[in-house]
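Novice: What follows is upload17.txt, made up of compact mmCIF, C-alpha atoms:
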# COMPACT_ATOMS: atom_id res chain seq x y z
CA MET A 1 103.99 110.02 102.88
CA SER A 2 102.42 112.40 101.24
CA GLN A 3 104.87 109.02 101.25
CA CYS A 4 106.95 111.38 101.85
CA ALA A 5 106.97 113.82 101.41
CA ASN A 6 105.59 115.24 98.67
CA HIS A 7 106.37 114.32 96.06
CA ASN A 8 107.92 116.44 93.36
CA SER A 9 111.70 116.32 93.82
CA ALA A 10 113.47 115.06 90.72
CA THR A 11 116.66 114.68 92.75
CA ILE A 12 115.08 112.30 95.26
CA ALA A 13 113.41 110.32 92.48
CA ALA A 14 116.77 109.91 90.77
CA LEU A 15 118.29 108.51 93.95
CA TYR A 16 115.73 105.72 94.03
CA GLN A 17 115.90 105.05 90.30
CA ARG A 18 119.65 104.45 90.48
CA ARG A 19 119.22 101.65 92.99
CA LYS A 20 118.24 98.07 92.22
CA LEU A 21 115.74 96.62 94.66
CA LEU A 22 116.41 92.98 95.51
CA ASN A 23 113.68 90.43 96.10
CA ASP A 24 113.26 89.78 99.80
CA GLY A 25 111.56 86.44 99.50
CA GLY A 26 108.88 87.47 102.01
CA HIS A 27 111.11 87.50 105.09
CA ARG A 28 110.56 90.16 107.71
CA PRO A 29 113.45 92.39 108.75
CA PRO A 30 115.16 91.28 111.96
CA LEU A 31 114.14 92.27 115.47
CA GLN A 32 115.06 95.82 116.46
CA ILE A 33 115.30 97.18 120.00
CA ASP A 34 114.82 100.92 119.60
CA PRO A 35 111.19 101.88 118.95
CA ILE A 36 109.93 103.09 115.60
CA ARG A 37 108.30 106.47 116.16
CA HIS A 38 106.79 107.29 112.78
CA LEU A 39 104.05 105.28 111.05
CA TYR A 40 102.64 105.77 107.57
CA LEU A 41 99.51 104.03 106.26
CA HIS A 42 98.78 103.97 102.52
CA ILE A 43 95.09 103.77 101.60
CA PRO A 44 95.03 103.48 97.79
CA PHE A 45 91.32 103.94 97.04
CA CYS A 46 90.12 106.92 95.00
CA ALA A 47 86.68 107.81 93.69
CA ARG A 48 88.42 109.09 90.55
CA ILE A 49 91.96 108.61 89.20
CA CYS A 50 93.71 111.96 88.77
CA PRO A 51 95.72 112.16 85.52
CA TYR A 52 98.86 113.56 87.22
CA CYS A 53 99.18 111.19 90.19
CA ALA A 54 101.95 108.57 90.13
CA PHE A 55 101.27 107.03 93.55
CA TYR A 56 99.77 103.54 93.74
CA LYS A 57 95.99 103.96 93.63
CA GLU A 58 92.88 102.04 92.59
CA LEU A 59 89.31 103.02 91.88
CA LEU A 60 87.19 102.68 94.99
CA ASP A 61 85.59 99.22 95.26
CA ARG A 62 83.17 99.09 98.19
CA SER A 63 83.18 95.29 98.08
CA GLN A 64 86.90 95.25 98.96
CA THR A 65 87.40 98.03 101.49
CA GLU A 66 86.21 96.14 104.58
CA ARG A 67 88.64 93.31 103.86
CA PHE A 68 91.38 95.84 103.20
CA CYS A 69 90.90 97.44 106.61
CA ALA A 70 91.14 94.04 108.30
CA ALA A 71 94.34 93.37 106.33
CA ILE A 72 95.90 96.63 107.55
CA LEU A 73 95.30 95.67 111.17
CA SER A 74 96.73 92.20 110.49
CA GLU A 75 99.91 93.72 109.07
CA LEU A 76 100.18 96.03 112.07
CA GLU A 77 99.99 92.99 114.38
CA LEU A 78 102.65 91.18 112.34
CA HIS A 79 105.06 94.09 112.75
CA MET A 80 104.33 94.35 116.46
CA GLN A 81 105.70 90.82 116.86
CA ASP A 82 109.07 91.90 115.46
CA ARG A 83 109.65 95.47 116.58
CA HIS A 84 108.72 98.00 119.22
CA LEU A 85 106.30 100.66 117.95
CA LEU A 86 105.98 103.84 119.98
CA PRO A 87 104.71 106.40 117.49
CA SER A 88 105.08 110.12 117.93
CA THR A 89 103.54 110.69 114.48
CA ILE A 90 101.03 108.75 112.38
CA TYR A 91 100.11 109.69 108.81
CA PHE A 92 97.20 108.22 106.82
CA GLY A 93 97.85 108.99 103.15
CA GLY A 94 96.86 107.73 99.76
CA GLY A 95 94.95 107.54 97.61
CA THR A 96 92.06 109.01 99.55
CA PRO A 97 91.74 107.91 103.19
CA SER A 98 88.53 109.91 103.56
CA ALA A 99 86.96 107.79 100.79
CA LEU A 100 86.47 105.02 103.35
CA THR A 101 83.11 104.85 105.05
CA THR A 102 82.65 106.14 108.58
CA SER A 103 82.44 102.58 109.94
CA GLN A 104 85.64 101.57 108.12
CA LEU A 105 87.50 104.61 109.43
CA GLU A 106 86.25 103.73 112.90
CA LEU A 107 87.57 100.18 112.47
CA LEU A 108 91.02 101.43 111.47
CA LEU A 109 91.30 104.23 114.00
CA GLY A 110 89.98 102.08 116.81
CA GLY A 111 92.26 99.23 115.76
CA PHE A 112 95.32 101.49 115.94
CA ARG A 113 94.29 102.83 119.35
CA GLU A 114 93.70 99.33 120.73
CA ARG A 115 96.99 97.89 119.48
CA LEU A 116 99.45 100.75 119.92
CA ASP A 117 100.89 102.66 122.83
CA LEU A 118 99.95 106.22 121.85
CA SER A 119 101.30 107.92 124.98
CA ALA A 120 104.01 109.66 122.92
CA LEU A 121 101.79 110.57 119.98
CA SER A 122 101.91 114.29 119.12
CA GLU A 123 100.62 114.38 115.54
CA TRP A 124 98.10 112.19 113.73
CA THR A 125 97.42 113.34 110.17
CA VAL A 126 94.76 112.11 107.77
CA GLU A 127 94.64 113.20 104.13
CA ALA A 128 91.18 114.17 102.89
CA ASN A 129 89.63 115.14 99.58
CA PRO A 130 86.93 117.82 99.68
CA GLY A 131 84.52 115.54 97.82
CA SER A 132 84.52 112.97 100.65
CA VAL A 133 84.50 115.18 103.77
CA SER A 134 81.40 115.06 105.96
CA ALA A 135 80.54 116.35 109.42
CA ARG A 136 80.14 112.78 110.65
CA LYS A 137 83.58 111.71 109.40
CA ALA A 138 85.21 114.86 110.77
CA ALA A 139 83.68 114.27 114.21
CA LEU A 140 84.83 110.64 114.16
CA LEU A 141 88.41 111.58 113.31
CA ARG A 142 88.50 114.07 116.18
CA GLU A 143 86.96 111.55 118.58
CA PHE A 144 89.67 108.96 117.85
CA GLY A 145 92.58 111.36 118.25
CA VAL A 146 93.37 112.64 114.76
CA ASN A 147 94.58 116.21 115.24
CA ARG A 148 95.78 117.25 111.76
CA ILE A 149 94.05 117.17 108.38
CA SER A 150 95.68 117.62 104.97
CA LEU A 151 92.99 118.80 102.56
CA GLY A 152 93.67 118.21 98.85
CA VAL A 153 92.24 121.40 97.36
CA GLN A 154 94.87 121.87 94.56
CA SER A 155 93.01 124.84 93.05
CA TRP A 156 89.93 127.01 93.59
CA ASP A 157 89.49 127.53 89.84
CA GLU A 158 86.74 125.35 88.34
CA LYS A 159 88.40 125.04 84.93
CA LEU A 160 91.71 123.96 86.44
CA LEU A 161 89.99 121.49 88.74
CA LYS A 162 88.44 119.83 85.69
CA ILE A 163 91.82 119.67 83.94
CA LEU A 164 93.24 117.98 87.06
CA GLY A 165 90.38 115.48 87.10
CA ARG A 166 89.34 116.45 90.62
CA GLU A 167 85.91 115.34 91.81
CA HIS A 168 85.23 118.47 93.89
CA THR A 169 84.38 122.09 93.12
CA GLY A 170 85.76 125.24 94.71
CA PRO A 171 82.63 125.77 96.86
CA GLN A 172 82.80 122.14 98.03
CA ALA A 173 86.42 122.64 99.10
CA LYS A 174 85.49 125.76 101.08
CA SER A 175 82.58 123.91 102.69
CA SER A 176 84.86 120.99 103.62
CA PHE A 177 87.30 123.36 105.28
CA SER A 178 84.44 124.88 107.30
CA ILE A 179 83.23 121.41 108.33
CA LEU A 180 86.70 120.52 109.62
CA ARG A 181 86.92 123.78 111.57
CA ALA A 182 83.47 123.22 113.06
CA ALA A 183 84.57 119.75 114.16
CA GLY A 184 87.36 121.34 116.19
CA PHE A 185 90.41 120.88 113.97
CA THR A 186 92.96 123.58 114.73
CA ASN A 187 95.73 122.20 112.50
CA ILE A 188 94.69 122.05 108.84
CA ASN A 189 96.96 121.88 105.80
CA VAL A 190 95.71 122.95 102.38
CA ASP A 191 97.43 121.26 99.42
CA LEU A 192 97.82 123.40 96.29
CA MET A 193 99.43 122.93 92.86
CA PHE A 194 100.96 125.37 90.39
CA GLY A 195 102.43 125.07 86.91
CA LEU A 196 99.14 123.54 85.69
CA PRO A 197 98.24 123.39 81.97
CA GLY A 198 96.88 126.79 80.99
CA GLN A 199 97.24 128.26 84.48
CA SER A 200 97.88 132.02 84.60
CA MET A 201 99.72 134.04 87.22
CA ALA A 202 96.44 135.77 88.03
CA GLN A 203 94.74 132.41 88.70
CA TRP A 204 97.58 131.33 90.98
CA ARG A 205 97.56 134.62 92.87
CA SER A 206 93.81 134.25 93.39
CA THR A 207 94.27 130.67 94.63
CA LEU A 208 96.88 131.78 97.17
CA GLU A 209 94.79 134.72 98.35
CA LYS A 210 91.64 132.60 98.74
CA THR A 211 93.63 130.03 100.71
CA ILE A 212 95.14 132.65 103.01
CA GLY A 213 91.63 134.00 103.58
CA LEU A 214 90.67 130.69 105.19
CA GLN A 215 93.62 131.02 107.60
CA PRO A 216 94.87 127.42 107.50
CA GLU A 217 97.79 126.64 109.78
CA HIS A 218 99.78 125.04 106.97
CA ILE A 219 99.94 125.35 103.18
CA SER A 220 101.70 122.94 100.80
CA ALA A 221 102.33 124.30 97.31
CA TYR A 222 103.73 121.86 94.75
CA CYS A 223 104.80 122.36 91.18
CA LEU A 224 103.16 119.92 88.77
CA THR A 225 105.62 117.32 87.54
CA TYR A 226 104.98 114.94 84.66
CA GLU A 227 105.54 111.55 86.28
CA GLU A 228 105.85 108.29 84.38
CA ASP A 229 102.80 106.00 84.39
CA THR A 230 100.39 108.94 84.40
CA GLU A 231 98.03 110.30 81.77
CA PHE A 232 99.70 113.70 81.92
CA PHE A 233 103.09 112.13 81.16
CA LEU A 234 101.70 110.43 78.05
CA ARG A 235 100.08 113.68 76.93
CA GLN A 236 103.37 115.49 77.41
CA LYS A 237 105.17 112.85 75.31
CA ARG A 238 102.58 113.42 72.56
CA GLY A 239 103.27 117.15 72.69
CA GLU A 240 99.84 118.04 74.08
CA LEU A 241 101.20 119.40 77.38
CA HIS A 242 104.39 121.32 78.03
CA ALA A 243 106.40 122.22 81.13
CA ASP A 244 108.04 125.65 81.16
CA PRO A 245 110.75 125.94 83.86
CA ASP A 246 110.86 129.74 83.57
CA VAL A 247 107.12 130.05 84.09
CA ASP A 248 107.25 127.57 86.98
CA ALA A 249 110.02 129.64 88.58
CA GLY A 250 107.73 132.68 88.38
CA PHE A 251 104.94 130.77 90.11
CA PHE A 252 107.36 129.65 92.81
CA GLU A 253 108.69 133.15 93.45
CA MET A 254 105.15 134.49 93.71
CA THR A 255 104.30 131.73 96.18
CA MET A 256 107.23 132.57 98.44
CA SER A 257 106.48 136.28 98.37
CA ILE A 258 102.75 136.07 99.04
CA LEU A 259 102.82 133.36 101.70
CA GLU A 260 105.79 134.76 103.60
CA ASN A 261 104.20 138.22 103.60
CA ALA A 262 101.06 136.58 105.02
CA GLY A 263 103.04 135.23 107.97
CA TYR A 264 103.80 131.70 106.81
CA GLU A 265 107.32 130.36 107.39
CA HIS A 266 108.85 128.77 104.30
CA TYR A 267 110.34 125.84 106.21
CA GLU A 268 110.70 123.44 103.26
CA ILE A 269 110.74 124.03 99.50
CA SER A 270 107.06 123.12 99.08
CA ASN A 271 105.77 123.78 102.60
CA TYR A 272 104.74 126.84 104.57
CA ALA A 273 103.45 126.98 108.13
CA ARG A 274 102.34 129.29 110.90
CA ALA A 275 104.67 129.24 113.88
CA GLY A 276 104.48 125.87 115.63
CA PHE A 277 102.54 124.11 112.87
CA SER A 278 105.20 122.57 110.60
CA SER A 279 104.58 118.90 109.81
CA ALA A 280 106.34 116.78 112.45
CA HIS A 281 105.85 113.64 110.38
CA ASN A 282 107.43 115.03 107.22
CA ARG A 283 110.25 116.64 109.18
CA ALA A 284 111.11 113.16 110.48
CA TYR A 285 111.37 111.90 106.89
CA TRP A 286 113.60 114.78 105.88
CA ALA A 287 115.84 114.23 108.91
CA GLY A 288 116.39 110.58 107.91
CA GLU A 289 114.60 109.05 110.90
CA ASP A 290 113.29 105.48 110.79
CA TYR A 291 109.67 104.93 109.81
CA LEU A 292 107.29 102.03 109.22
CA GLY A 293 104.99 101.97 106.21
CA LEU A 294 101.78 99.93 106.26
CA GLY A 295 99.55 99.12 103.32
CA PRO A 296 100.16 98.25 99.66
CA SER A 297 103.22 99.90 98.06
CA ALA A 298 104.29 101.52 101.36
CA PHE A 299 108.02 101.97 102.01
CA SER A 300 109.75 101.48 105.37
CA THR A 301 113.27 102.37 106.45
CA ARG A 302 115.04 100.95 109.48
CA GLY A 303 118.70 101.84 109.86
CA LEU A 304 120.41 100.79 106.63
CA ARG A 305 117.55 98.55 105.53
CA ARG A 306 114.67 99.67 103.31
CA TRP A 307 111.74 97.61 102.11
CA GLN A 308 108.53 98.08 100.15
CA ASN A 309 105.22 96.26 100.34
CA VAL A 310 103.60 94.64 97.32
CA SER A 311 101.82 97.21 95.13
CA ASP A 312 98.51 95.39 94.80
CA TYR A 313 95.91 95.69 97.53
CA ARG A 314 94.30 92.33 96.76
CA ASN A 315 97.62 90.46 96.96
CA TYR A 316 98.48 92.55 100.00
CA ALA A 317 95.27 91.49 101.76
CA ASP A 318 95.74 87.84 100.82
CA ARG A 319 99.21 87.85 102.37
CA THR A 320 98.56 89.72 105.58
CA LEU A 321 95.27 87.99 106.39
CA SER A 322 97.03 84.63 106.08
CA GLY A 323 99.78 85.78 108.45
CA GLU A 324 102.42 86.32 105.75
CA SER A 325 104.66 89.32 105.20
CA ALA A 326 103.52 91.89 102.65
CA ILE A 327 107.11 92.82 101.78
CA ALA A 328 107.86 92.55 98.06
CA THR A 329 111.34 94.07 97.78
CA THR A 330 114.16 95.14 100.04
CA GLU A 331 117.51 96.87 99.69
CA GLN A 332 120.54 97.31 101.89
CA LEU A 333 121.59 100.93 102.05
CA THR A 334 125.12 102.13 102.59
CA PRO A 335 126.26 105.03 104.79
CA GLU A 336 127.02 106.92 101.57
CA MET A 337 123.47 106.42 100.34
CA LYS A 338 122.04 107.63 103.64
CA ARG A 339 124.31 110.68 103.56
CA ALA A 340 123.22 111.52 100.00
CA GLU A 341 119.57 111.31 101.00
CA ARG A 342 120.20 113.42 104.10
CA ILE A 343 121.86 116.11 101.98
CA ALA A 344 119.13 116.09 99.31
CA PHE A 345 116.31 116.31 101.85
CA SER A 346 118.00 118.69 104.28
CA LEU A 347 118.91 121.12 101.55
CA ARG A 348 115.20 121.62 100.89
CA THR A 349 114.53 122.65 104.50
CA GLY A 350 114.92 125.98 106.26
CA GLU A 351 117.52 124.54 108.62
CA GLY A 352 119.72 123.46 105.72
CA ILE A 353 122.69 121.08 105.80
CA PRO A 354 125.22 120.73 108.63
CA ARG A 355 128.50 122.15 107.38
CA GLU A 356 130.40 118.90 108.03
CA LEU A 357 128.20 116.97 105.58
CA LEU A 358 129.46 119.15 102.72
CA GLN A 359 133.15 118.90 103.61
CA PRO A 360 133.83 116.42 100.72
CA TRP A 361 132.72 119.14 98.25
CA PRO A 362 134.57 122.33 99.24
CA LYS A 363 134.88 123.62 95.67
CA GLU A 364 131.21 123.12 94.83
CA THR A 365 130.12 124.62 98.14
CA GLN A 366 132.14 127.77 97.68
CA GLU A 367 130.98 128.13 94.08
CA PHE A 368 127.34 128.07 95.19
CA VAL A 369 128.11 130.59 97.94
CA ALA A 370 129.82 132.86 95.39
CA LEU A 371 126.82 132.53 93.04
CA GLY A 372 124.49 133.58 95.84
CA LEU A 373 122.69 130.23 95.99
CA LEU A 374 124.00 129.06 99.40
CA ARG A 375 124.80 130.91 102.62
CA GLN A 376 126.09 129.92 106.05
CA SER A 377 123.73 130.16 109.00
CA ASN A 378 124.28 128.78 112.52
CA GLY A 379 126.86 126.26 111.32
CA ASN A 380 124.69 125.07 108.45
CA PHE A 381 124.53 125.80 104.76
CA THR A 382 121.07 126.95 103.67
CA LEU A 383 119.61 127.93 100.33
CA THR A 384 119.17 131.62 99.61
CA THR A 385 115.93 132.86 98.05
CA ALA A 386 117.57 132.53 94.62
CA GLY A 387 118.90 129.09 95.56
CA LYS A 388 115.45 127.79 96.46
CA SER A 389 114.40 128.10 92.84
CA LEU A 390 117.32 125.84 91.88
CA ALA A 391 117.22 123.44 94.85
CA ASP A 392 117.31 120.24 92.79
CA SER A 393 120.21 121.44 90.67
CA VAL A 394 122.20 122.41 93.76
CA ALA A 395 121.47 119.07 95.43
CA GLU A 396 122.65 117.12 92.38
CA ALA A 397 126.15 118.57 92.85
CA PHE A 398 126.42 116.80 96.23
CA VAL A 399 124.75 113.45 95.56
In structure tokens, how does this file's structure come out?

Specialist:
Amino acid sequence: MSQCANHNSATIAALYQRRKLLNDGGHRPPLQIDPIRHLYLHIPFCARICPYCAFYKELLDRSQTERFCAAILSELELHMQDRHLLPSTIYFGGGTPSALTTSQLELLLGGFRERLDLSALSEWTVEANPGSVSARKAALLREFGVNRISLGVQSWDEKLLKILGREHTGPQAKSSFSILRAAGFTNINVDLMFGLPGQSMAQWRSTLEKTIGLQPEHISAYCLTYEEDTEFFLRQKRGELHADPDVDAGFFEMTMSILENAGYEHYEISNYARAGFSSAHNRAYWAGEDYLGLGPSAFSTRGLRRWQNVSDYRNYADRTLSGESAIATTEQLTPEMKRAERIAFSLRTGEGIPRELLQPWPKETQEFVALGLLRQSNGNFTLTTAGKSLADSVAEAFV
């Protein structure tokens, strides 16, 4: 998801950290009747490991990718034995899905089309890095039904791109965007990051203005967070890098102002879209809908049951190609856990939280209203402009 949805909420991370995952012993979850409508595929390969990324990833090994693709299709078949899949959204994330060769992408895309009923599919997203976009790959994605691309630009500034360890340059990113447009993509997201080491307000304004100039349908703008198990986290611990919440708040306020004035709806804390182009896949996550994750480290949620695949693509391939489950851990959720997640995610969206979900916290709710951080709208509580800058702190009061 970007797995879900991107990826920088301390509140959501805390929810997962507080829970102990229990070993599943390799058993698949029981048969379900209602179809699963949202599929996520994690492709962990990267040409270069970015120093800020905490998702499971591995350096690209061309000797392993063909086997990996076969393993993905084997896992898909295993799940089809146990549950009805009728996807309305599919999301290929990573890692770098576009790092696969054209023939490997064709194998995966064709394998999904052959095995799944795609009659209800409305959105098929593939994440792409500018350094691995080509006209041939773009044409292939369009041919097999992909209709949305999420392009990991992060910055147009060459110095900042080097700090982030990105393999592309600003001109390459612009060229990749043009290639995708020429291939017929009319729904493109551009991923950006702010709060970077040494980044100035002028650099961020320039990045936003250059992005708007391309007229993408969707823009994701994330604040850098120092995640454990990353190089940036270690450098922060050594005192080499520093986060400044006040500076980050300034970046965020600038982002809201510039993008909203350019006609983008701020429909989730980190996401902005032209009318009709919000991410259907991510909205399903935020609404607490069931989803199936394929690939190493991928999470799935079905009702009150959540499980995660093994976080090693070699072990993952060994299991699935031998007909075994890739599940490494599982947990049984409670209605209270689901409600906490629903509140934390919904609070970040433009629709906000249904009023009844906050009934157990009347005092806290009214305090936030009095402080000008929450307001009532159409029976929901939504964050004000001031509240959006403090979304995680507000959410913590209810979870």

Novice: Enumerate, in order of chain and increasing residue number, the residues of region 125-163 of chain A with an atom no farther than 12 Å from region 43-49 of chain A, each with its shortest atom pair and distance in Å to one decimal, counting all atoms listed in the file, as CSV.

Specialist:
residue,atom,partner,partner_atom,distance
A:Val126,CA,A:Ile43,CA,10.4
A:Glu127,CA,A:Ile43,CA,9.8
A:Ala128,CA,A:Cys46,CA,10.8
A:Asn129,CA,A:Cys46,CA,9.4
A:Pro130,CA,A:Ala47,CA,11.7
A:Gly131,CA,A:Ala47,CA,9.0
A:Ser132,CA,A:Ala47,CA,8.9
A:Lys162,CA,A:Arg48,CA,11.8

Novice: Restricting the calculation to only C-alpha atoms, which member of A:Ala386, A:Ala284, A:Cys53, A:Leu78 is positioned closest to Thr96 (chain A)?

Specialist: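 Of all the options, A:Cys53 lies closest to Thr96 (chain A).
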
Novice: Using all atoms listed in the file for the distances, tell me which of A:Ala249, A:Ala397, A:Ala71, A:Ala326 is nearest to Leu358 (chain A).

Specialist: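 Among the listed residues, the smallest separation from Leu358 (chain A) belongs to A:Ala397.
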
Novice: So, with all atoms listed in the file as the atoms that count, which of A:Leu294, A:Thr125, A:Thr349, A:Ser389 lies closest to Thr255 (chain A)?

Specialist: A:Ser389

Novice: Residues proximal to (103.9, 121.9, 97.5) were defined as those with any atom within 6 Å of that point in the file's coordinates, counting all atoms listed in the file. Which are they, as an MDAnalysis selection string?

Specialist: chainID A and resid 220:222 270:271

Novice: Could you list, as a ChimeraX atom specification, every residue within 10 Å of Pro354 (chain A), counting only C-alpha atoms and ignoring same-chain residues fewer than 5 positions away?

Specialist: /A:342-343,346-347,359,376-382

Novice: May I have the residues within 10 Å of region 34-41 of chain A as number ranges by chain, using all atoms listed in the file and disregarding those fewer than 6 positions away in the same chain?

Specialist: A: 1-4, 72, 76, 83-94, 97, 120-121, 123-126, 280-282, 284-285, 289-302

Novice: Record the distance separating CA of Ser311 (chain A) and CA of Glu75 (chain A), expressed in Å with one decimal.

Specialist: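 For CA of Ser311 (chain A) relative to CA of Glu75 (chain A), the distance reads 14.5 Å.
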
Novice: Go through A:Lys388, A:Glu217, A:Glu356, A:Arg314 one by one, measure the shortest atom-to-atom distance of each to Thr65 (chain A) using only C-alpha atoms, and give the residue with the smallest value.

Specialist: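 Selected residue with least distance to Thr65 (chain A): A:Arg314.
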
Novice: One number please: CA of Cys69 (chain A) to CA of Ala99 (chain A), in Å, one decimal.

Specialist: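 Interatomic distance, CA of Cys69 (chain A) to CA of Ala99 (chain A): 12.5 Å.
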
Novice: Can you work out the spacing between CA of Asp61 (chain A) and CA of Gly95 (chain A) in Å, to one decimal?

Specialist: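 One can read the CA of Asp61 (chain A) to CA of Gly95 (chain A) distance as 12.7 Å.
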
Novice: Find the residue from A:Glu66, A:Asp392, A:Glu209, A:Asp248 that sits nearest to Cys223 (chain A); use all atoms listed in the file when measuring.

Specialist: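 When distances to Cys223 (chain A) are compared using all atoms listed in the file, the smallest one comes from A:Asp248.
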
Novice: Name the residues, using the chain letters and numbers of the file, that sit within 10 Å of (84.0, 108.1, 114.1) when counting all atoms listed in the file, and give them as a list in words.

Specialist: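 Within the cut-off we find Thr101, Thr102, Ser103, Gln104, Leu105, Glu106, Leu107, Leu109, Gly110, Arg136, Lys137, Ala138, Ala139, Leu140, Leu141, Arg142, Glu143 and Phe144 of chain A.
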